[in-house]
file upload.txt (compact mmCIF, C-alpha atoms and all ligand atoms)
# COMPACT_ATOMS: atom_id res chain seq x y z
CA MET A 112 -7.91 -6.90 8.52
CA LYS A 113 -9.75 -5.65 5.45
CA ILE A 114 -7.23 -4.85 2.72
CA SER A 115 -7.89 -3.08 -0.58
CA LEU A 116 -5.48 -4.06 -3.34
CA GLY A 117 -4.95 -2.21 -6.60
CA THR A 118 -2.47 -2.60 -9.43
CA ASP A 119 -2.02 -1.23 -12.92
CA HIS A 120 -0.89 -3.40 -15.86
CA ALA A 121 2.67 -3.48 -14.48
CA GLY A 122 1.42 -5.14 -11.30
CA PHE A 123 -1.29 -7.27 -12.84
CA GLU A 124 0.85 -10.41 -13.09
CA VAL A 125 1.42 -10.52 -9.32
CA LYS A 126 -2.05 -9.41 -8.27
CA ASN A 127 -3.64 -12.84 -7.82
CA ASN A 128 -0.59 -14.15 -5.97
CA ILE A 129 -0.81 -11.21 -3.58
CA ILE A 130 -4.54 -11.76 -3.07
CA ASN A 131 -3.95 -15.42 -2.22
CA PHE A 132 -1.08 -14.50 0.07
CA LEU A 133 -3.20 -11.93 1.95
CA LYS A 134 -6.02 -14.45 2.30
CA SER A 135 -3.58 -17.09 3.61
CA LEU A 136 -2.68 -14.60 6.37
CA GLY A 137 -6.38 -14.38 7.27
CA HIS A 138 -7.13 -11.01 5.71
CA GLU A 139 -10.23 -10.05 3.75
CA VAL A 140 -9.30 -8.63 0.33
CA ILE A 141 -11.13 -6.12 -1.85
CA ASP A 142 -9.76 -6.48 -5.38
CA CYS A 143 -9.83 -3.00 -6.96
CA GLY A 144 -8.30 -4.17 -10.25
CA THR A 145 -6.86 -3.94 -12.78
CA PHE A 146 -8.55 -6.97 -14.31
CA SER A 147 -6.39 -7.55 -17.40
CA LYS A 148 -2.85 -6.89 -18.56
CA ASP A 149 -4.04 -4.15 -20.92
CA SER A 150 -2.40 -0.78 -20.44
CA CYS A 151 -4.28 1.34 -17.90
CA ASP A 152 -3.83 4.39 -15.66
CA TYR A 153 -2.50 3.87 -12.13
CA PRO A 154 -4.32 6.91 -10.60
CA ASP A 155 -7.68 5.16 -11.13
CA PHE A 156 -6.66 2.27 -8.85
CA ALA A 157 -4.85 4.49 -6.36
CA LYS A 158 -8.03 6.55 -6.00
CA GLU A 159 -10.28 3.54 -5.46
CA VAL A 160 -8.02 1.95 -2.86
CA ALA A 161 -7.53 5.29 -1.08
CA MET A 162 -11.27 6.03 -1.03
CA ASN A 163 -12.02 2.58 0.39
CA ILE A 164 -9.77 3.42 3.32
CA ILE A 165 -11.22 6.89 3.84
CA ASN A 166 -14.78 5.50 3.65
CA GLY A 167 -13.97 2.76 6.18
CA LYS A 168 -14.45 -0.12 3.74
CA SER A 169 -10.81 -1.13 4.26
CA ASP A 170 -8.32 -0.80 7.07
CA LYS A 171 -5.23 -0.64 4.86
CA GLY A 172 -4.22 -0.76 1.21
CA VAL A 173 -1.62 -2.26 -1.08
CA LEU A 174 -0.87 -0.55 -4.41
CA ILE A 175 1.44 -1.98 -7.06
CA CYS A 176 2.64 -0.39 -10.28
CA GLY A 177 5.96 -0.51 -12.12
CA THR A 178 7.88 1.49 -9.53
CA GLY A 179 5.27 2.11 -6.81
CA ILE A 180 5.98 5.82 -7.26
CA GLY A 181 2.99 6.83 -9.39
CA MET A 182 0.64 4.98 -7.05
CA ALA A 183 2.11 6.77 -4.03
CA ILE A 184 1.91 10.22 -5.66
CA ALA A 185 -1.72 9.64 -6.66
CA ALA A 186 -2.90 8.06 -3.39
CA ASN A 187 -1.39 10.86 -1.32
CA LYS A 188 -3.68 13.36 -3.07
CA ILE A 189 -6.57 11.94 -1.05
CA LYS A 190 -6.91 13.64 2.34
CA GLY A 191 -6.08 11.26 5.17
CA ILE A 192 -3.93 8.94 3.08
CA ARG A 193 -0.34 8.26 4.01
CA ALA A 194 1.14 6.15 1.23
CA GLY A 195 4.78 5.46 0.52
CA VAL A 196 7.03 3.32 -1.62
CA CYS A 197 8.97 0.59 0.18
CA TRP A 198 11.88 -1.33 -1.29
CA ASN A 199 12.78 -3.89 1.37
CA VAL A 200 11.46 -5.46 4.57
CA GLU A 201 13.00 -2.82 6.82
CA THR A 202 11.37 0.10 4.98
CA ALA A 203 8.09 -1.85 5.10
CA ARG A 204 8.49 -2.10 8.90
CA LEU A 205 9.33 1.59 9.27
CA ILE A 206 6.45 2.83 7.12
CA SER A 207 4.11 1.40 9.77
CA LEU A 208 6.25 2.03 12.84
CA HIS A 209 7.17 5.67 12.10
CA ASN A 210 4.79 6.90 9.39
CA ASN A 211 1.55 5.10 10.27
CA ALA A 212 1.04 4.59 6.54
CA ASN A 213 -2.36 3.34 5.53
CA ILE A 214 -1.10 2.25 2.10
CA ILE A 215 2.09 0.48 1.06
CA CYS A 216 3.20 0.98 -2.55
CA LEU A 217 5.45 -1.51 -4.31
CA GLY A 218 7.32 -1.55 -7.61
CA ALA A 219 6.59 -4.77 -9.47
CA ARG A 220 9.44 -4.15 -11.89
CA PHE A 221 12.03 -4.07 -9.11
CA LEU A 222 10.93 -6.74 -6.66
CA TYR A 223 10.58 -10.51 -6.65
CA ILE A 224 7.20 -11.81 -5.53
CA GLU A 225 8.73 -13.36 -2.38
CA GLU A 226 10.13 -9.95 -1.43
CA MET A 227 6.69 -8.44 -1.86
CA PHE A 228 5.16 -11.12 0.37
CA ASP A 229 7.72 -10.47 3.11
CA MET A 230 7.28 -6.71 2.87
CA ILE A 231 3.48 -6.82 2.92
CA LYS A 232 3.51 -9.19 5.90
CA MET A 233 5.90 -6.93 7.81
CA TYR A 234 3.90 -3.81 6.91
CA LEU A 235 0.65 -5.33 8.17
CA GLU A 236 2.12 -6.84 11.34
CA THR A 237 3.96 -3.73 12.52
CA LYS A 238 2.12 -1.34 14.83
CA PHE A 239 2.56 2.45 14.80
CA GLU A 240 4.77 3.83 17.55
CA GLU A 241 2.83 6.60 19.30
CA ARG A 242 5.97 8.66 19.92
CA HIS A 243 5.79 9.68 16.25
CA SER A 244 2.22 11.05 16.55
CA LYS A 245 3.28 14.70 16.65
CA ARG A 246 4.78 14.41 13.16
CA ILE A 247 1.74 12.65 11.74
CA LEU A 248 -0.45 15.39 13.21
CA LYS A 249 1.71 18.00 11.46
CA ILE A 250 1.06 16.22 8.15
CA SER A 251 -2.70 16.24 8.88
CA GLU A 252 -2.48 19.97 9.61
CA MET A 253 -0.98 20.50 6.14
CA GLU A 254 -4.13 19.01 4.63
CA LYS A 255 -6.37 21.74 6.10
C1 LIG B 301 3.49 2.06 -16.38
O1 LIG B 301 4.28 1.82 -17.49
C2 LIG B 301 4.29 2.74 -15.29
O2 LIG B 301 4.54 4.06 -15.62
C3 LIG B 301 3.57 2.65 -13.97
O3 LIG B 301 3.36 1.30 -13.67
C4 LIG B 301 4.26 3.20 -12.77
O4 LIG B 301 5.55 2.69 -12.62
C5 LIG B 301 4.20 4.64 -12.56
O5 LIG B 301 4.67 5.18 -11.54
call {"tool": "encode", "arguments": {"input": "upload.txt", "output": "structure tokens"}}
result
Amino acid sequence: MKISLGTDHAGFEVKNNIINFLKSLGHEVIDCGTFSKDSCDYPDFAKEVAMNIINGKSDKGVLICGTGIGMAIAANKIKGIRAGVCWNVETARLISLHNNANIICLGARFLYIEEMFDMIKMYLETKFEERHSKRILKISEMEK
């Protein structure tokens, strides 16, 4: 899969580890930054990752900030994006299974790197369950 990854300064420390982890799983990674630990604005990275998905450059995205919350709020402003914050492996499974999320958002200040690895792996491996399509369509309707 082609994965776009974006972090702000709060996620910068884990970014390279996540890139290497995604590559070890056989995924292609587009690194959308940030590229230093200097303070920066999470909407910039949320927008780039979201646009890569909408433009077909990536299949899915991973966004990391302090809580994951700002990234999710920002990414969901882009039409067609379904982004949500996950906090354990089970929520990472359900965000694919039930919500067909195209971006997973994680809080670097609340998770160990191993937890992030497990959650990202689960998120990417889990397929959407079609019986939830009606609800996803209702969300798409709200975007019109
Ligand atoms: C940055 O300090 C922090 O606000 C940001 O990483 C994120 O948690 C926002 O939702």
call {"tool": "residues_near_ligand", "arguments": {"input": "upload.txt", "ligand": "ligand LIG 301 (chain B)", "cutoff": "7 Å", "atoms": "only C-alpha atoms and all ligand atoms", "output": "CSV table (one decimal) with C-alpha atoms, in the coordinates of the input"}}
result
chain,number,residue,atom,x,y,z
A,119,ASP,CA,-2.0,-1.2,-12.9
A,120,HIS,CA,-0.9,-3.4,-15.9
A,121,ALA,CA,2.7,-3.5,-14.5
A,153,TYR,CA,-2.5,3.9,-12.1
A,176,CYS,CA,2.6,-0.4,-10.3
A,177,GLY,CA,6.0,-0.5,-12.1
A,178,THR,CA,7.9,1.5,-9.5
A,179,GLY,CA,5.3,2.1,-6.8
A,180,ILE,CA,6.0,5.8,-7.3
A,181,GLY,CA,3.0,6.8,-9.4
A,182,MET,CA,0.6,5.0,-7.0
A,218,GLY,CA,7.3,-1.6,-7.6
call {"tool": "closest_residue", "arguments": {"input": "upload.txt", "among": "A:Lys249, A:Lys171, A:His243, A:Lys255", "to": "A:Cys216", "atoms": "all atoms listed in the file"}}
result
A:Lys171
call {"tool": "residues_around", "arguments": {"input": "upload.txt", "residues": "A:Gly122", "least_positions_apart": "4", "cutoff": "6 Å", "atoms": "all atoms listed in the file", "output": "PyMOL selection string"}}
result
chain A and resi 118+175-176+219
call {"tool": "atom_distance", "arguments": {"input": "upload.txt", "atom1": "atom CA of A:Ser207", "atom2": "atom CA of A:Phe156"}}
result
21.5 Å
call {"tool": "residues_near_point", "arguments": {"input": "upload.txt", "point": "(-3.5, -11.3, -8.9)", "cutoff": "12 Å", "atoms": "only C-alpha atoms", "output": "PyMOL selection string"}}
result
chain A and resi 116-134+140-148+174-175+224
call {"tool": "atom_distance", "arguments": {"input": "upload.txt", "atom1": "atom CA of A:Asp229", "atom2": "atom CA of A:Ile250"}}
result
28.0 Å
call {"tool": "decode", "arguments": {"input": "upload.txt", "residues": "stretch 164-181 of chain A", "atoms": "N, CA and C atoms", "output": "PDB file, in the first residue's frame"}}
result
ATOM      1  N   ILE A 164      -4.317  11.509  -0.289  1.00  0.00           N
ATOM      2  CA  ILE A 164      -5.307  10.427  -0.391  1.00  0.00           C
ATOM      3  C   ILE A 164      -6.382  10.803  -1.411  1.00  0.00           C
ATOM      4  N   ILE A 165      -6.870  12.016  -1.309  1.00  0.00           N
ATOM      5  CA  ILE A 165      -7.934  12.457  -2.229  1.00  0.00           C
ATOM      6  C   ILE A 165      -7.424  12.480  -3.679  1.00  0.00           C
ATOM      7  N   ASN A 166      -6.161  12.834  -3.868  1.00  0.00           N
ATOM      8  CA  ASN A 166      -5.592  12.887  -5.226  1.00  0.00           C
ATOM      9  C   ASN A 166      -5.100  11.533  -5.726  1.00  0.00           C
ATOM     10  N   GLY A 167      -5.238  10.495  -4.913  1.00  0.00           N
ATOM     11  CA  GLY A 167      -4.847   9.149  -5.333  1.00  0.00           C
ATOM     12  C   GLY A 167      -3.359   8.855  -5.235  1.00  0.00           C
ATOM     13  N   LYS A 168      -2.597   9.765  -4.603  1.00  0.00           N
ATOM     14  CA  LYS A 168      -1.155   9.508  -4.456  1.00  0.00           C
ATOM     15  C   LYS A 168      -0.901   8.490  -3.351  1.00  0.00           C
ATOM     16  N   SER A 169      -1.843   8.395  -2.417  1.00  0.00           N
ATOM     17  CA  SER A 169      -1.727   7.430  -1.315  1.00  0.00           C
ATOM     18  C   SER A 169      -3.043   6.706  -1.122  1.00  0.00           C
ATOM     19  N   ASP A 170      -2.935   5.487  -0.601  1.00  0.00           N
ATOM     20  CA  ASP A 170      -4.147   4.719  -0.300  1.00  0.00           C
ATOM     21  C   ASP A 170      -4.688   5.100   1.081  1.00  0.00           C
ATOM     22  N   LYS A 171      -3.766   5.257   2.019  1.00  0.00           N
ATOM     23  CA  LYS A 171      -4.161   5.559   3.405  1.00  0.00           C
ATOM     24  C   LYS A 171      -3.136   6.494   4.034  1.00  0.00           C
ATOM     25  N   GLY A 172      -3.513   7.043   5.214  1.00  0.00           N
ATOM     26  CA  GLY A 172      -2.607   7.962   5.884  1.00  0.00           C
ATOM     27  C   GLY A 172      -2.471   7.684   7.366  1.00  0.00           C
ATOM     28  N   VAL A 173      -1.337   8.123   7.896  1.00  0.00           N
ATOM     29  CA  VAL A 173      -1.081   8.065   9.339  1.00  0.00           C
ATOM     30  C   VAL A 173      -0.689   9.470   9.764  1.00  0.00           C
ATOM     31  N   LEU A 174      -1.388  10.013  10.771  1.00  0.00           N
ATOM     32  CA  LEU A 174      -1.090  11.354  11.279  1.00  0.00           C
ATOM     33  C   LEU A 174      -0.812  11.273  12.774  1.00  0.00           C
ATOM     34  N   ILE A 175       0.257  11.906  13.198  1.00  0.00           N
ATOM     35  CA  ILE A 175       0.644  11.849  14.611  1.00  0.00           C
ATOM     36  C   ILE A 175       0.910  13.260  15.131  1.00  0.00           C
ATOM     37  N   CYS A 176       0.219  13.624  16.204  1.00  0.00           N
ATOM     38  CA  CYS A 176       0.534  14.858  16.924  1.00  0.00           C
ATOM     39  C   CYS A 176       0.546  14.495  18.405  1.00  0.00           C
ATOM     40  N   GLY A 177       0.414  15.486  19.282  1.00  0.00           N
ATOM     41  CA  GLY A 177       0.486  15.171  20.712  1.00  0.00           C
ATOM     42  C   GLY A 177      -0.611  14.234  21.158  1.00  0.00           C
ATOM     43  N   THR A 178      -1.845  14.572  20.763  1.00  0.00           N
ATOM     44  CA  THR A 178      -3.007  13.765  21.153  1.00  0.00           C
ATOM     45  C   THR A 178      -3.622  12.980  20.002  1.00  0.00           C
ATOM     46  N   GLY A 179      -3.332  13.376  18.777  1.00  0.00           N
ATOM     47  CA  GLY A 179      -4.015  12.836  17.591  1.00  0.00           C
ATOM     48  C   GLY A 179      -5.269  13.638  17.265  1.00  0.00           C
ATOM     49  N   ILE A 180      -5.741  14.411  18.227  1.00  0.00           N
ATOM     50  CA  ILE A 180      -7.047  15.076  18.079  1.00  0.00           C
ATOM     51  C   ILE A 180      -7.003  16.212  17.057  1.00  0.00           C
ATOM     52  N   GLY A 181      -5.999  17.069  17.149  1.00  0.00           N
ATOM     53  CA  GLY A 181      -5.898  18.188  16.205  1.00  0.00           C
ATOM     54  C   GLY A 181      -5.767  17.683  14.778  1.00  0.00           C
TER      55      GLY A 181
END
